[in-house]
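Novice: Sharing work27.tsv (TSV, N, CA and C atoms) below.
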```tsv
chain	number	residue	atom	x	y	z
A	13	MET	N	149.58	54.57	201.78
A	13	MET	CA	150.26	55.25	202.86
A	13	MET	C	149.98	56.75	202.73
A	14	ARG	N	149.79	57.40	203.84
A	14	ARG	CA	149.47	58.82	203.84
A	14	ARG	C	150.69	59.67	203.49
A	15	ALA	N	150.45	60.71	202.72
A	15	ALA	CA	151.51	61.63	202.32
A	15	ALA	C	151.64	62.73	203.36
A	16	SER	N	152.86	63.15	203.59
A	16	SER	CA	153.11	64.23	204.54
A	16	SER	C	153.16	65.57	203.82
A	17	ASP	N	153.18	66.65	204.58
A	17	ASP	CA	153.33	67.98	203.99
A	17	ASP	C	154.64	68.06	203.22
A	18	ALA	N	155.70	67.47	203.76
A	18	ALA	CA	156.99	67.48	203.08
A	18	ALA	C	156.92	66.74	201.75
A	19	ASP	N	156.18	65.63	201.70
A	19	ASP	CA	156.01	64.89	200.44
A	19	ASP	C	155.29	65.76	199.41
A	20	ARG	N	154.25	66.44	199.84
A	20	ARG	CA	153.51	67.30	198.92
A	20	ARG	C	154.39	68.46	198.43
A	21	ASP	N	155.18	69.03	199.33
A	21	ASP	CA	156.08	70.11	198.93
A	21	ASP	C	157.12	69.64	197.93
A	22	GLN	N	157.62	68.43	198.11
A	22	GLN	CA	158.61	67.87	197.19
A	22	GLN	C	158.00	67.70	195.79
A	23	VAL	N	156.78	67.20	195.72
A	23	VAL	CA	156.10	67.04	194.43
A	23	VAL	C	155.85	68.42	193.81
A	24	ALA	N	155.45	69.38	194.61
A	24	ALA	CA	155.23	70.74	194.10
A	24	ALA	C	156.52	71.33	193.54
A	25	ASP	N	157.65	71.05	194.17
A	25	ASP	CA	158.94	71.53	193.67
A	25	ASP	C	159.23	70.93	192.30
A	26	ARG	N	158.96	69.64	192.15
A	26	ARG	CA	159.19	68.99	190.85
A	26	ARG	C	158.28	69.58	189.78
A	27	LEU	N	157.06	69.93	190.16
A	27	LEU	CA	156.15	70.54	189.20
A	27	LEU	C	156.63	71.94	188.80
A	28	ARG	N	157.18	72.69	189.75
A	28	ARG	CA	157.73	74.01	189.42
A	28	ARG	C	158.90	73.88	188.44
A	29	GLU	N	159.74	72.87	188.65
A	29	GLU	CA	160.85	72.62	187.72
A	29	GLU	C	160.32	72.26	186.34
A	30	ALA	N	159.29	71.41	186.29
A	30	ALA	CA	158.71	71.01	185.01
A	30	ALA	C	158.12	72.22	184.29
A	31	LEU	N	157.50	73.11	185.02
A	31	LEU	CA	156.96	74.34	184.43
A	31	LEU	C	158.09	75.20	183.87
A	32	ALA	N	159.15	75.37	184.65
A	32	ALA	CA	160.28	76.19	184.22
A	32	ALA	C	160.98	75.59	182.99
A	33	GLU	N	160.99	74.27	182.89
A	33	GLU	CA	161.62	73.59	181.75
A	33	GLU	C	160.71	73.55	180.53
A	34	GLY	N	159.45	73.96	180.68
A	34	GLY	CA	158.52	73.92	179.56
A	34	GLY	C	157.89	72.56	179.33
A	35	ARG	N	157.97	71.68	180.30
A	35	ARG	CA	157.39	70.34	180.17
A	35	ARG	C	155.88	70.35	180.40
A	36	ILE	N	155.40	71.31	181.18
A	36	ILE	CA	153.96	71.47	181.40
A	36	ILE	C	153.61	72.94	181.23
A	37	THR	N	152.37	73.20	180.90
A	37	THR	CA	151.90	74.58	180.72
A	37	THR	C	151.52	75.18	182.07
A	38	PRO	N	151.38	76.48	182.14
A	38	PRO	CA	150.93	77.11	183.39
A	38	PRO	C	149.56	76.57	183.85
A	39	GLU	N	148.69	76.27	182.90
A	39	GLU	CA	147.37	75.74	183.25
A	39	GLU	C	147.49	74.34	183.86
A	40	GLU	N	148.34	73.50	183.24
A	40	GLU	CA	148.57	72.16	183.78
A	40	GLU	C	149.19	72.25	185.17
A	41	HIS	N	150.12	73.17	185.34
A	41	HIS	CA	150.77	73.35	186.63
A	41	HIS	C	149.73	73.69	187.70
A	42	ALA	N	148.85	74.63	187.40
A	42	ALA	CA	147.83	75.03	188.37
A	42	ALA	C	146.92	73.86	188.72
A	43	GLU	N	146.51	73.09	187.72
A	43	GLU	CA	145.65	71.93	187.98
A	43	GLU	C	146.36	70.90	188.85
A	44	ARG	N	147.61	70.63	188.52
A	44	ARG	CA	148.36	69.61	189.27
A	44	ARG	C	148.65	70.06	190.69
A	45	ILE	N	148.94	71.34	190.87
A	45	ILE	CA	149.20	71.86	192.22
A	45	ILE	C	147.96	71.69	193.10
A	46	ASP	N	146.79	71.93	192.53
A	46	ASP	CA	145.55	71.71	193.29
A	46	ASP	C	145.45	70.26	193.75
A	47	VAL	N	145.77	69.34	192.85
A	47	VAL	CA	145.73	67.91	193.19
A	47	VAL	C	146.74	67.61	194.29
A	48	VAL	N	147.95	68.17	194.14
A	48	VAL	CA	149.02	67.89	195.12
A	48	VAL	C	148.61	68.30	196.52
A	49	TYR	N	148.10	69.51	196.67
A	49	TYR	CA	147.80	69.99	198.01
A	49	TYR	C	146.50	69.45	198.58
A	50	ASN	N	145.74	68.73	197.74
A	50	ASN	CA	144.56	68.02	198.24
A	50	ASN	C	144.82	66.53	198.43
A	51	ALA	N	146.01	66.07	198.05
A	51	ALA	CA	146.35	64.65	198.13
A	51	ALA	C	146.48	64.21	199.58
A	52	LYS	N	145.96	63.04	199.85
A	52	LYS	CA	146.08	62.47	201.19
A	52	LYS	C	147.05	61.28	201.23
A	53	THR	N	147.24	60.62	200.08
A	53	THR	CA	148.10	59.43	200.03
A	53	THR	C	149.12	59.55	198.90
A	54	TYR	N	150.11	58.66	198.94
A	54	TYR	CA	151.08	58.60	197.85
A	54	TYR	C	150.39	58.24	196.55
A	55	ALA	N	149.36	57.41	196.61
A	55	ALA	CA	148.63	57.03	195.41
A	55	ALA	C	147.97	58.24	194.75
A	56	ASP	N	147.60	59.24	195.54
A	56	ASP	CA	147.04	60.47	194.98
A	56	ASP	C	148.12	61.30	194.28
A	57	LEU	N	149.35	61.20	194.74
A	57	LEU	CA	150.45	62.00	194.19
A	57	LEU	C	151.06	61.39	192.94
A	58	GLU	N	151.06	60.08	192.83
A	58	GLU	CA	151.74	59.40	191.72
A	58	GLU	C	151.28	59.87	190.34
A	59	PRO	N	149.98	59.98	190.08
A	59	PRO	CA	149.56	60.39	188.72
A	59	PRO	C	150.01	61.80	188.33
A	60	VAL	N	150.26	62.63	189.31
A	60	VAL	CA	150.66	64.01	189.04
A	60	VAL	C	152.03	64.06	188.35
A	61	LEU	N	152.88	63.11	188.67
A	61	LEU	CA	154.24	63.09	188.12
A	61	LEU	C	154.45	61.99	187.09
A	62	ALA	N	153.44	61.20	186.81
A	62	ALA	CA	153.60	60.00	185.98
A	62	ALA	C	154.17	60.27	184.59
A	63	ASP	N	153.82	61.40	183.97
A	63	ASP	CA	154.27	61.67	182.61
A	63	ASP	C	155.52	62.56	182.56
A	64	LEU	N	156.14	62.78	183.71
A	64	LEU	CA	157.35	63.60	183.77
A	64	LEU	C	158.55	62.70	184.03
A	65	PRO	N	159.74	63.10	183.53
A	65	PRO	CA	160.94	62.30	183.79
A	65	PRO	C	161.19	62.18	185.29
A	66	SER	N	161.68	61.02	185.71
A	66	SER	CA	161.92	60.82	187.14
A	66	SER	C	163.10	61.64	187.63
A	67	GLU	N	164.04	61.88	186.78
A	67	GLU	CA	165.17	62.74	187.11
A	67	GLU	C	165.39	63.68	185.95
A	68	ARG	N	166.01	64.78	186.23
A	68	ARG	CA	166.30	65.71	185.14
A	68	ARG	C	167.25	65.04	184.16
A	69	PRO	N	166.92	65.11	182.88
A	69	PRO	CA	167.88	64.57	181.91
A	69	PRO	C	169.15	65.42	181.91
A	70	ARG	N	170.24	64.76	181.83
A	70	ARG	CA	171.53	65.46	181.82
A	70	ARG	C	172.10	65.40	180.40
A	71	VAL	N	172.66	66.50	179.97
A	71	VAL	CA	173.34	66.53	178.69
A	71	VAL	C	174.80	66.20	178.95
A	72	ASP	N	175.28	65.18	178.29
A	72	ASP	CA	176.66	64.77	178.47
A	72	ASP	C	177.54	65.63	177.57
A	73	MET	N	178.34	66.48	178.19
A	73	MET	CA	179.18	67.40	177.43
A	73	MET	C	180.54	66.80	177.08
A	74	ARG	N	180.78	65.56	177.50
A	74	ARG	CA	182.06	64.93	177.18
A	74	ARG	C	182.04	64.36	175.78
A	75	LYS	N	183.19	64.34	175.15
A	75	LYS	CA	183.31	63.71	173.84
A	75	LYS	C	183.33	62.21	174.04
A	76	GLU	N	182.92	61.47	173.01
A	76	GLU	CA	182.88	60.02	173.14
A	76	GLU	C	184.26	59.43	173.37
A	77	ASP	N	185.26	59.93	172.65
A	77	ASP	CA	186.63	59.44	172.83
A	77	ASP	C	187.36	60.41	173.75
A	78	PRO	N	187.65	59.98	174.96
A	78	PRO	CA	188.34	60.91	175.88
A	78	PRO	C	189.74	61.22	175.36
A	79	LEU	N	190.19	62.40	175.71
A	79	LEU	CA	191.55	62.79	175.31
A	79	LEU	C	192.56	61.90	176.03
A	80	PRO	N	193.65	61.57	175.34
A	80	PRO	CA	194.69	60.77	176.02
A	80	PRO	C	195.32	61.58	177.14
A	81	PRO	N	195.84	60.91	178.14
A	81	PRO	CA	196.47	61.65	179.24
A	81	PRO	C	197.69	62.40	178.72
A	82	PRO	N	198.06	63.49	179.35
A	82	PRO	CA	199.26	64.25	178.91
A	82	PRO	C	200.51	63.40	179.11
A	83	PRO	N	201.51	63.65	178.32
A	83	PRO	CA	202.76	62.88	178.48
A	83	PRO	C	203.41	63.18	179.82
A	84	PRO	N	204.09	62.21	180.39
A	84	PRO	CA	204.74	62.44	181.69
A	84	PRO	C	205.79	63.54	181.57
A	85	GLN	N	205.87	64.35	182.60
A	85	GLN	CA	206.86	65.43	182.60
A	85	GLN	C	208.16	64.90	183.18
A	86	SER	N	209.28	65.26	182.51
A	86	SER	CA	210.58	64.78	182.97
A	86	SER	C	211.31	65.81	183.76
```
Take the structure from the file and write it as structure tokens.

Specialist:
Amino acid sequence: MRASDADRDQVADRLREALAEGRITPEEHAERIDVVYNAKTYADLEPVLADLPSERPRVDMRKEDPLPPPPPQS
């Protein structure tokens, strides 16, 4: 299926995030961006993101044992 300009822009945004997070180097970013903006299909875009997490990993700041609820106020 053919990729749209919006699809290419979305992939480019993910690559910018990966660069900012230190997941790819500036050189890798430049190479991948070239591929993205020359991509004609989704199949051309898939390898560009294949080694990156599909979603940003989230750090869970909650403790494993939640605090008990406060006692009822009388």

Novice: Can you pull out the residues contacting range 49-56 of chain A? Cut-off 6.5 Å, using only N, CA and C atoms, and skip same-chain residues under 3 positions away; I want them as a PDB file with N, CA and C atoms, in the frame of the given file.

Specialist:
```
ATOM      1  N   MET A  13     149.580  54.570 201.780  1.00  0.00           N
ATOM      2  CA  MET A  13     150.260  55.250 202.860  1.00  0.00           C
ATOM      3  C   MET A  13     149.980  56.750 202.730  1.00  0.00           C
ATOM      4  N   ARG A  14     149.790  57.400 203.840  1.00  0.00           N
ATOM      5  CA  ARG A  14     149.470  58.820 203.840  1.00  0.00           C
ATOM      6  C   ARG A  14     150.690  59.670 203.490  1.00  0.00           C
ATOM      7  N   ALA A  15     150.450  60.710 202.720  1.00  0.00           N
ATOM      8  CA  ALA A  15     151.510  61.630 202.320  1.00  0.00           C
ATOM      9  C   ALA A  15     151.640  62.730 203.360  1.00  0.00           C
ATOM     10  N   ARG A  20     154.250  66.440 199.840  1.00  0.00           N
ATOM     11  CA  ARG A  20     153.510  67.300 198.920  1.00  0.00           C
ATOM     12  C   ARG A  20     154.390  68.460 198.430  1.00  0.00           C
ATOM     13  N   ARG A  44     147.610  70.630 188.520  1.00  0.00           N
ATOM     14  CA  ARG A  44     148.360  69.610 189.270  1.00  0.00           C
ATOM     15  C   ARG A  44     148.650  70.060 190.690  1.00  0.00           C
ATOM     16  N   ILE A  45     148.940  71.340 190.870  1.00  0.00           N
ATOM     17  CA  ILE A  45     149.200  71.860 192.220  1.00  0.00           C
ATOM     18  C   ILE A  45     147.960  71.690 193.100  1.00  0.00           C
ATOM     19  N   ASP A  46     146.790  71.930 192.530  1.00  0.00           N
ATOM     20  CA  ASP A  46     145.550  71.710 193.290  1.00  0.00           C
ATOM     21  C   ASP A  46     145.450  70.260 193.750  1.00  0.00           C
ATOM     22  N   PRO A  59     149.980  59.980 190.080  1.00  0.00           N
ATOM     23  CA  PRO A  59     149.560  60.390 188.720  1.00  0.00           C
ATOM     24  C   PRO A  59     150.010  61.800 188.330  1.00  0.00           C
ATOM     25  N   VAL A  60     150.260  62.630 189.310  1.00  0.00           N
ATOM     26  CA  VAL A  60     150.660  64.010 189.040  1.00  0.00           C
ATOM     27  C   VAL A  60     152.030  64.060 188.350  1.00  0.00           C
TER      28      VAL A  60
END
```

Novice: What are the DSSP alpha helix (DSSP H) residues of chain A, as a ChimeraX atom specification?

Specialist: /A:17-33,38-50,54-61

Novice: Applying 8 Å and all atoms listed in the file, which residues near Leu61 in chain A remain after dropping the ones on its own chain fewer than 4 positions away? List them as a count of residues only.

Specialist: 8

Novice: To one decimal in Å, tell me the separation between atom N of Leu31 in chain A and CA of Ala18 in chain A.

Specialist: 18.9 Å

Novice: Closest to Glu58 in chain A among A:His41, A:Asp19, A:Arg28, A:Pro80, using only C-alpha atoms?

Specialist: A:Asp19

Novice: Find the distance between CA of Ser16 in chain A and atom N of Val47 in chain A and write it in Å to one decimal.

Specialist: 14.7 Å

Novice: What does the distance between CA of Thr37 in chain A and atom N of Asp21 in chain A come to in Å, to one decimal place?

Specialist: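 A separation of 19.7 Å between them.
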
Novice: Select, from A:Asp25, A:Asp17, A:Pro81, A:Arg35, the residue with the minimum atom-to-atom distance to Asp63 in chain A, counting only C-alpha atoms.

Specialist: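 Smallest separation from Asp63 in chain A among the options: A:Arg35.
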
Novice: Could you check the closest approach to Ala24 in chain A for each of A:Ile36, A:Val48, A:Leu64, A:Ala42 and tell me which residue wins, using only N, CA and C atoms?

Specialist: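 Among the listed residues, A:Val48 lies closest to Ala24 in chain A.
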